[in-house]
file coords_20.cif (mmCIF, N, CA and C atoms)
data_start
loop_
_atom_site.label_atom_id
_atom_site.label_comp_id
_atom_site.auth_asym_id
_atom_site.auth_seq_id
_atom_site.Cartn_x
_atom_site.Cartn_y
_atom_site.Cartn_z
N MET I 1 91.49 118.62 107.86
CA MET I 1 92.17 118.02 108.98
C MET I 1 93.64 118.41 108.93
N ASN I 2 94.20 118.63 110.07
CA ASN I 2 95.61 118.99 110.18
C ASN I 2 96.48 117.81 109.71
N ARG I 3 97.65 118.12 109.22
CA ARG I 3 98.53 117.08 108.70
C ARG I 3 99.09 116.17 109.80
N LYS I 4 99.38 116.71 110.97
CA LYS I 4 99.98 115.90 112.03
C LYS I 4 99.05 114.79 112.52
N PRO I 5 97.76 115.06 112.80
CA PRO I 5 96.88 113.94 113.19
C PRO I 5 96.73 112.89 112.09
N LYS I 6 96.78 113.31 110.84
CA LYS I 6 96.72 112.34 109.75
C LYS I 6 97.95 111.46 109.72
N ARG I 7 99.11 112.05 109.95
CA ARG I 7 100.34 111.24 109.99
C ARG I 7 100.32 110.25 111.13
N VAL I 8 99.82 110.70 112.29
CA VAL I 8 99.73 109.81 113.45
C VAL I 8 98.75 108.68 113.16
N LEU I 9 97.60 109.02 112.57
CA LEU I 9 96.61 108.00 112.22
C LEU I 9 97.18 107.01 111.21
N LEU I 10 97.94 107.51 110.25
CA LEU I 10 98.56 106.63 109.26
C LEU I 10 99.56 105.69 109.91
N ARG I 11 100.38 106.20 110.80
CA ARG I 11 101.37 105.35 111.47
C ARG I 11 100.71 104.31 112.37
N VAL I 12 99.69 104.73 113.11
CA VAL I 12 99.01 103.80 114.01
C VAL I 12 98.28 102.72 113.22
N SER I 13 97.56 103.11 112.18
CA SER I 13 96.84 102.12 111.38
C SER I 13 97.81 101.19 110.64
N SER I 14 98.92 101.71 110.19
CA SER I 14 99.92 100.86 109.52
C SER I 14 100.53 99.87 110.50
N LEU I 15 100.82 100.33 111.70
CA LEU I 15 101.40 99.44 112.71
C LEU I 15 100.39 98.36 113.12
N LEU I 16 99.13 98.75 113.32
CA LEU I 16 98.10 97.76 113.66
C LEU I 16 97.89 96.77 112.53
N MET I 17 97.93 97.25 111.28
CA MET I 17 97.76 96.38 110.13
C MET I 17 98.91 95.39 110.05
N LEU I 18 100.11 95.86 110.33
CA LEU I 18 101.28 95.00 110.30
C LEU I 18 101.23 93.95 111.40
N LEU I 19 100.77 94.34 112.59
CA LEU I 19 100.70 93.40 113.70
C LEU I 19 99.56 92.39 113.54
N ALA I 20 98.48 92.77 112.91
CA ALA I 20 97.34 91.87 112.75
C ALA I 20 97.49 90.94 111.56
N ALA I 21 98.35 91.26 110.63
CA ALA I 21 98.43 90.49 109.39
C ALA I 21 98.93 89.06 109.60
N LEU I 22 99.96 88.86 110.37
CA LEU I 22 100.53 87.52 110.53
C LEU I 22 99.58 86.57 111.27
N PRO I 23 98.99 86.96 112.41
CA PRO I 23 98.03 86.03 113.03
C PRO I 23 96.82 85.73 112.15
N MET I 24 96.34 86.75 111.42
CA MET I 24 95.20 86.52 110.54
C MET I 24 95.58 85.62 109.37
N LEU I 25 96.80 85.75 108.87
CA LEU I 25 97.29 84.88 107.81
C LEU I 25 97.30 83.44 108.29
N LEU I 26 97.85 83.20 109.47
CA LEU I 26 97.90 81.84 110.00
C LEU I 26 96.50 81.29 110.26
N TRP I 27 95.60 82.13 110.74
CA TRP I 27 94.24 81.68 110.99
C TRP I 27 93.53 81.33 109.68
N CYS I 28 93.76 82.14 108.64
CA CYS I 28 93.16 81.83 107.34
C CYS I 28 93.67 80.49 106.81
N LEU I 29 94.96 80.25 106.97
CA LEU I 29 95.53 78.99 106.49
C LEU I 29 95.01 77.80 107.29
N ASN I 30 94.74 77.99 108.58
CA ASN I 30 94.18 76.91 109.39
C ASN I 30 92.71 76.63 109.06
N LEU I 31 92.01 77.61 108.54
CA LEU I 31 90.60 77.43 108.19
C LEU I 31 90.36 76.77 106.84
N ILE I 32 91.40 76.57 106.06
CA ILE I 32 91.23 76.05 104.70
C ILE I 32 90.53 74.70 104.69
N ASP I 33 90.95 73.77 105.54
CA ASP I 33 90.36 72.43 105.52
C ASP I 33 88.89 72.44 105.90
N ASN I 34 88.55 73.16 106.96
CA ASN I 34 87.15 73.21 107.39
C ASN I 34 86.28 73.93 106.37
N ALA I 35 86.80 75.00 105.81
CA ALA I 35 86.03 75.76 104.83
C ALA I 35 85.81 74.96 103.55
N ALA I 36 86.79 74.18 103.15
CA ALA I 36 86.65 73.39 101.93
C ALA I 36 85.59 72.31 102.09
N LEU I 37 85.37 71.85 103.30
CA LEU I 37 84.32 70.84 103.53
C LEU I 37 82.93 71.46 103.51
N ASP I 38 82.82 72.72 103.92
CA ASP I 38 81.51 73.37 104.01
C ASP I 38 81.01 73.89 102.66
N TYR I 39 81.85 74.61 101.95
CA TYR I 39 81.45 75.24 100.68
C TYR I 39 82.45 74.86 99.60
N THR I 40 82.03 74.99 98.37
CA THR I 40 82.85 74.54 97.25
C THR I 40 84.15 75.31 97.13
N TYR I 41 84.09 76.64 97.11
CA TYR I 41 85.29 77.43 96.89
C TYR I 41 85.78 78.15 98.15
N ALA I 42 85.28 77.80 99.31
CA ALA I 42 85.65 78.50 100.53
C ALA I 42 87.11 78.23 100.92
N GLY I 43 87.61 77.05 100.62
CA GLY I 43 89.02 76.76 100.92
C GLY I 43 89.95 77.63 100.09
N ALA I 44 89.63 77.77 98.81
CA ALA I 44 90.42 78.65 97.95
C ALA I 44 90.27 80.10 98.38
N GLY I 45 89.08 80.47 98.85
CA GLY I 45 88.86 81.83 99.35
C GLY I 45 89.67 82.11 100.60
N CYS I 46 89.79 81.12 101.48
CA CYS I 46 90.63 81.30 102.68
C CYS I 46 92.09 81.47 102.30
N PHE I 47 92.53 80.70 101.31
CA PHE I 47 93.91 80.87 100.84
C PHE I 47 94.12 82.25 100.23
N ALA I 48 93.16 82.70 99.43
CA ALA I 48 93.26 84.03 98.83
C ALA I 48 93.20 85.13 99.90
N ALA I 49 92.43 84.91 100.95
CA ALA I 49 92.40 85.87 102.06
C ALA I 49 93.74 85.93 102.75
N GLY I 50 94.41 84.79 102.88
CA GLY I 50 95.76 84.77 103.44
C GLY I 50 96.73 85.57 102.58
N ILE I 51 96.62 85.43 101.27
CA ILE I 51 97.46 86.21 100.35
C ILE I 51 97.15 87.69 100.49
N THR I 52 95.88 88.02 100.69
CA THR I 52 95.50 89.43 100.87
C THR I 52 96.10 89.99 102.15
N TYR I 53 96.17 89.18 103.19
CA TYR I 53 96.81 89.63 104.42
C TYR I 53 98.32 89.81 104.24
N ILE I 54 98.93 89.00 103.40
CA ILE I 54 100.35 89.23 103.07
C ILE I 54 100.50 90.56 102.34
N PHE I 55 99.58 90.84 101.42
CA PHE I 55 99.60 92.12 100.70
C PHE I 55 99.37 93.29 101.67
N SER I 56 98.58 93.06 102.73
CA SER I 56 98.36 94.14 103.70
C SER I 56 99.64 94.46 104.45
N MET I 57 100.54 93.48 104.58
CA MET I 57 101.86 93.78 105.17
C MET I 57 102.63 94.75 104.29
N VAL I 58 102.56 94.55 102.99
CA VAL I 58 103.23 95.46 102.06
C VAL I 58 102.63 96.86 102.16
N THR I 59 101.31 96.93 102.23
CA THR I 59 100.62 98.22 102.36
C THR I 59 101.02 98.90 103.66
N ALA I 60 101.10 98.15 104.75
CA ALA I 60 101.47 98.72 106.04
C ALA I 60 102.90 99.23 106.04
N ILE I 61 103.80 98.49 105.44
CA ILE I 61 105.20 98.92 105.37
C ILE I 61 105.32 100.19 104.53
N ALA I 62 104.55 100.27 103.44
CA ALA I 62 104.56 101.50 102.63
C ALA I 62 104.02 102.67 103.44
N GLY I 63 102.99 102.44 104.23
CA GLY I 63 102.44 103.51 105.07
C GLY I 63 103.42 103.99 106.11
N LEU I 64 104.16 103.07 106.71
CA LEU I 64 105.17 103.48 107.69
C LEU I 64 106.34 104.19 107.03
N ALA I 65 106.72 103.76 105.85
CA ALA I 65 107.85 104.38 105.16
C ALA I 65 107.52 105.76 104.63
N PHE I 66 106.30 105.97 104.18
CA PHE I 66 105.92 107.23 103.55
C PHE I 66 105.07 108.12 104.45
N ALA I 67 105.03 107.86 105.74
CA ALA I 67 104.16 108.63 106.65
C ALA I 67 104.54 110.11 106.70
N GLY I 68 105.79 110.44 106.59
CA GLY I 68 106.21 111.83 106.64
C GLY I 68 106.35 112.49 105.28
N LYS I 69 105.97 111.79 104.22
CA LYS I 69 106.15 112.31 102.86
C LYS I 69 104.81 112.36 102.14
N PRO I 70 104.07 113.45 102.28
CA PRO I 70 102.74 113.52 101.65
C PRO I 70 102.76 113.39 100.14
N HIS I 71 103.87 113.70 99.49
CA HIS I 71 103.92 113.57 98.04
C HIS I 71 103.94 112.10 97.60
N ARG I 72 104.16 111.18 98.53
CA ARG I 72 104.16 109.75 98.22
C ARG I 72 102.86 109.05 98.63
N TYR I 73 101.88 109.80 99.12
CA TYR I 73 100.63 109.20 99.57
C TYR I 73 99.85 108.55 98.44
N ARG I 74 100.13 108.95 97.23
CA ARG I 74 99.42 108.36 96.09
C ARG I 74 99.68 106.86 96.02
N TRP I 75 100.92 106.45 96.26
CA TRP I 75 101.26 105.03 96.24
C TRP I 75 100.54 104.29 97.36
N CYS I 76 100.50 104.88 98.52
CA CYS I 76 99.80 104.25 99.66
C CYS I 76 98.32 104.12 99.36
N ARG I 77 97.74 105.14 98.75
CA ARG I 77 96.33 105.14 98.42
C ARG I 77 96.02 104.05 97.39
N ILE I 78 96.87 103.89 96.40
CA ILE I 78 96.67 102.87 95.37
C ILE I 78 96.72 101.48 95.99
N LEU I 79 97.69 101.24 96.87
CA LEU I 79 97.79 99.94 97.53
C LEU I 79 96.56 99.66 98.38
N ALA I 80 96.06 100.67 99.08
CA ALA I 80 94.88 100.48 99.93
C ALA I 80 93.64 100.20 99.09
N TYR I 81 93.50 100.86 97.94
CA TYR I 81 92.35 100.59 97.08
C TYR I 81 92.41 99.18 96.48
N ILE I 82 93.60 98.72 96.13
CA ILE I 82 93.76 97.35 95.65
C ILE I 82 93.38 96.36 96.75
N GLN I 83 93.78 96.66 97.95
CA GLN I 83 93.46 95.81 99.10
C GLN I 83 91.96 95.75 99.36
N LEU I 84 91.29 96.90 99.28
CA LEU I 84 89.84 96.92 99.47
C LEU I 84 89.12 96.15 98.36
N ALA I 85 89.60 96.30 97.13
CA ALA I 85 88.97 95.59 96.01
C ALA I 85 89.15 94.08 96.14
N SER I 86 90.33 93.65 96.52
CA SER I 86 90.54 92.20 96.67
C SER I 86 89.71 91.65 97.83
N GLY I 87 89.56 92.43 98.90
CA GLY I 87 88.70 92.01 100.01
C GLY I 87 87.25 91.93 99.60
N GLY I 88 86.80 92.86 98.77
CA GLY I 88 85.43 92.82 98.28
C GLY I 88 85.18 91.63 97.36
N ILE I 89 86.15 91.29 96.55
CA ILE I 89 86.01 90.14 95.66
C ILE I 89 85.97 88.84 96.46
N LEU I 90 86.63 88.82 97.61
CA LEU I 90 86.67 87.60 98.42
C LEU I 90 85.34 87.24 99.06
N PHE I 91 84.38 88.16 99.06
CA PHE I 91 83.07 87.83 99.61
C PHE I 91 82.41 86.69 98.83
N ILE I 92 82.68 86.60 97.55
CA ILE I 92 82.03 85.59 96.70
C ILE I 92 82.47 84.17 97.08
N PRO I 93 83.78 83.85 97.13
CA PRO I 93 84.12 82.46 97.48
C PRO I 93 84.01 82.15 98.98
N LEU I 94 84.16 83.15 99.84
CA LEU I 94 84.17 82.87 101.27
C LEU I 94 82.78 82.65 101.86
N LEU I 95 81.78 83.28 101.31
CA LEU I 95 80.41 83.20 101.81
C LEU I 95 80.35 83.54 103.30
N SER I 96 79.98 82.62 104.15
CA SER I 96 79.82 82.94 105.57
C SER I 96 81.16 83.09 106.30
N TYR I 97 82.23 82.57 105.75
CA TYR I 97 83.55 82.73 106.36
C TYR I 97 84.06 84.16 106.23
N ALA I 98 83.48 84.93 105.35
CA ALA I 98 83.89 86.33 105.19
C ALA I 98 83.63 87.14 106.45
N VAL I 99 82.59 86.77 107.19
CA VAL I 99 82.27 87.48 108.44
C VAL I 99 83.36 87.24 109.48
N LEU I 100 84.02 86.11 109.42
CA LEU I 100 85.09 85.79 110.37
C LEU I 100 86.44 86.36 109.95
N ILE I 101 86.71 86.35 108.66
CA ILE I 101 88.06 86.63 108.18
C ILE I 101 88.28 88.10 107.81
N LEU I 102 87.32 88.75 107.19
CA LEU I 102 87.57 90.04 106.56
C LEU I 102 87.39 91.30 107.41
N PRO I 103 86.69 91.32 108.54
CA PRO I 103 86.52 92.59 109.28
C PRO I 103 87.82 93.29 109.69
N PRO I 104 88.85 92.59 110.19
CA PRO I 104 90.08 93.33 110.51
C PRO I 104 90.71 93.98 109.29
N LEU I 105 90.64 93.30 108.16
CA LEU I 105 91.21 93.86 106.94
C LEU I 105 90.50 95.14 106.53
N PHE I 106 89.17 95.12 106.54
CA PHE I 106 88.42 96.30 106.13
C PHE I 106 88.55 97.45 107.12
N LEU I 107 88.47 97.16 108.40
CA LEU I 107 88.56 98.24 109.40
C LEU I 107 89.92 98.93 109.37
N LEU I 108 90.98 98.15 109.31
CA LEU I 108 92.31 98.75 109.30
C LEU I 108 92.61 99.45 107.98
N THR I 109 92.08 98.95 106.88
CA THR I 109 92.27 99.63 105.61
C THR I 109 91.52 100.96 105.57
N LEU I 110 90.33 101.00 106.15
CA LEU I 110 89.59 102.26 106.21
C LEU I 110 90.31 103.29 107.08
N LEU I 111 90.85 102.86 108.22
CA LEU I 111 91.65 103.78 109.05
C LEU I 111 92.86 104.28 108.28
N TYR I 112 93.49 103.38 107.55
CA TYR I 112 94.66 103.71 106.73
C TYR I 112 94.30 104.77 105.69
N LEU I 113 93.14 104.58 105.03
CA LEU I 113 92.72 105.55 104.02
C LEU I 113 92.36 106.90 104.62
N PHE I 114 91.84 106.92 105.84
CA PHE I 114 91.60 108.21 106.50
C PHE I 114 92.93 108.91 106.79
N GLY I 115 93.96 108.13 107.11
CA GLY I 115 95.28 108.72 107.36
C GLY I 115 95.95 109.24 106.11
N VAL I 116 95.78 108.53 105.01
CA VAL I 116 96.40 108.93 103.74
C VAL I 116 95.56 109.97 103.03
N GLY I 117 94.27 109.91 103.18
CA GLY I 117 93.36 110.76 102.42
C GLY I 117 92.69 109.92 101.36
N TRP I 118 91.43 110.17 101.12
CA TRP I 118 90.68 109.33 100.19
C TRP I 118 90.97 109.65 98.73
N ARG I 119 91.40 110.86 98.47
CA ARG I 119 91.68 111.21 97.08
C ARG I 119 92.83 112.20 97.06
N GLU I 120 93.43 112.34 95.89
CA GLU I 120 94.54 113.26 95.72
C GLU I 120 93.98 114.65 95.48
N ARG I 121 94.48 115.62 96.22
CA ARG I 121 94.01 117.00 96.08
C ARG I 121 94.85 117.75 95.06
N CYS I 122 94.19 118.59 94.31
CA CYS I 122 94.91 119.44 93.34
C CYS I 122 95.58 120.58 94.07
N ASP I 123 96.46 121.30 93.40
CA ASP I 123 97.19 122.38 94.02
C ASP I 123 96.27 123.49 94.52
N PHE I 124 95.21 123.80 93.78
CA PHE I 124 94.35 124.90 94.19
C PHE I 124 93.49 124.50 95.40
N GLU I 125 93.27 123.20 95.65
CA GLU I 125 92.50 122.77 96.81
C GLU I 125 93.36 122.77 98.08
N GLN I 126 94.65 122.65 97.95
CA GLN I 126 95.54 122.59 99.12
C GLN I 126 95.75 123.95 99.75
N GLN I 127 95.48 125.02 99.04
CA GLN I 127 95.74 126.36 99.57
C GLN I 127 94.62 126.87 100.41
#

call {"tool": "encode", "arguments": {"input": "coords_20.cif", "output": "structure tokens"}}
result
Amino acid sequence: MNRKPKRVLLRVSSLLMLLAALPMLLWCLNLIDNAALDYTYAGAGCFAAGITYIFSMVTAIAGLAFAGKPHRYRWCRILAYIQLASGGILFIPLLSYAVLILPPLFLLTLLYLFGVGWRERCDFEQQ
């Protein structure tokens, strides 16, 4: 893939991630009481999902800052993998609330990873 469409995809996904993070954070915090009544650890899972959305703001800001610097994509990739791992771990405490809370996080992180690249290429692969 050409570098320019990847940069555009990275900027768009970072901007969407940044714009979606605050409303999703507030929604997660509003769901804590209802989730705690339904399942044992769902309230704590909603709080942890809110923290994950705060972390997605950091990931989005890094993507916007490093969009024109491919040598810095490694940091963006590491942040996105941490974000995916924390979202995957949240399936356990959230149970059925995961279907409501986590799809924007996963979709935007996957778009972000397509913009950054899934893995670091060696010098001989770039030529």

call {"tool": "resolve_selection", "arguments": {"input": "coords_20.cif", "expression": "the PyMOL selection byres (((chain I and resi 54 and name CA) around 12) and name CA)", "output": "number ranges by chain"}}
result
I: 17-26, 28-29, 47-53, 55-61, 83, 105

call {"tool": "closest_residue", "arguments": {"input": "coords_20.cif", "among": "I:Leu9, I:Arg119, I:Gly88, I:Leu16", "to": "I:Arg74", "atoms": "all atoms listed in the file"}}
result
I:Arg119

call {"tool": "closest_atom_pairs", "arguments": {"input": "coords_20.cif", "of": "stretch 30-83 of chain I", "to": "stretch 106-112 of chain I", "cutoff": "8 Å", "atoms": "all atoms listed in the file", "output": "tab-separated table"}}
result
residue	atom	partner	partner_atom	distance
I:Gly63	CA	I:Tyr112	CA	8.0
I:Cys76	C	I:Tyr112	C	7.5
I:Arg77	CA	I:Tyr112	C	7.6
I:Ala80	CA	I:Thr109	CA	6.3
I:Tyr81	N	I:Thr109	CA	7.9
I:Gln83	C	I:Thr109	CA	7.4

call {"tool": "write_last_selection", "arguments": {"input": "coords_20.cif", "atoms": "N, CA and C atoms", "output": "CSV table (one decimal), in the frame of the given file"}}
result
chain,number,residue,atom,x,y,z
I,63,GLY,N,103.0,102.4,104.2
I,63,GLY,CA,102.4,103.5,105.1
I,63,GLY,C,103.4,104.0,106.1
I,76,CYS,N,100.5,104.9,98.5
I,76,CYS,CA,99.8,104.2,99.7
I,76,CYS,C,98.3,104.1,99.4
I,77,ARG,N,97.7,105.1,98.8
I,77,ARG,CA,96.3,105.1,98.4
I,77,ARG,C,96.0,104.0,97.4
I,80,ALA,N,96.1,100.7,99.1
I,80,ALA,CA,94.9,100.5,99.9
I,80,ALA,C,93.6,100.2,99.1
I,81,TYR,N,93.5,100.9,97.9
I,81,TYR,CA,92.4,100.6,97.1
I,81,TYR,C,92.4,99.2,96.5
I,83,GLN,N,93.8,96.7,98.0
I,83,GLN,CA,93.5,95.8,99.1
I,83,GLN,C,92.0,95.8,99.4

call {"tool": "atom_distance", "arguments": {"input": "coords_20.cif", "atom1": "atom CA of I:Pro93", "atom2": "atom C of I:Tyr41"}}
result
4.7 Å

call {"tool": "closest_residue", "arguments": {"input": "coords_20.cif", "among": "I:Ile78, I:Arg11, I:Ala65, I:Gly45", "to": "I:Ile32", "atoms": "only N, CA and C atoms"}}
result
I:Gly45

call {"tool": "atom_distance", "arguments": {"input": "coords_20.cif", "atom1": "atom CA of I:Trp75", "atom2": "atom CA of I:Arg7"}}
result
15.1 Å

call {"tool": "closest_residue", "arguments": {"input": "coords_20.cif", "among": "I:Leu79, I:Leu10, I:Ala42, I:Phe114", "to": "I:Leu95", "atoms": "only N, CA and C atoms"}}
result
I:Ala42

call {"tool": "atom_distance", "arguments": {"input": "coords_20.cif", "atom1": "atom CA of I:Leu100", "atom2": "atom CA of I:Ala44"}}
result
15.3 Å

call {"tool": "resolve_selection", "arguments": {"input": "coords_20.cif", "expression": "the PyMOL selection byres (((chain I and resi 5 and name CA) around 12) and name CA)", "output": "ChimeraX atom specification"}}
result
/I:1-4,6-13,67-68,114-117

call {"tool": "axis_aligned_box", "arguments": {"input": "coords_20.cif", "around": "stretch 76-92 of chain I", "padding_each_side": "3 Å", "output": "lines of an AutoDock Vina configuration file"}}
result
center_x = 91.3
center_y = 94.7
center_z = 97.7
size_x = 24.5
size_y = 27.0
size_z = 10.6

call {"tool": "select_by_dssp", "arguments": {"input": "coords_20.cif", "residues": "chain I", "states": "alpha helix (DSSP H)", "output": "PyMOL selection string"}}
result
chain I and resi 3-30+32-38+42-65+73-89+91-94+98-101+103-116+123-126

call {"tool": "closest_residue", "arguments": {"input": "coords_20.cif", "among": "I:Asn30, I:Tyr73, I:Gly43, I:Ser14", "to": "I:Leu94", "atoms": "only N, CA and C atoms"}}
result
I:Gly43
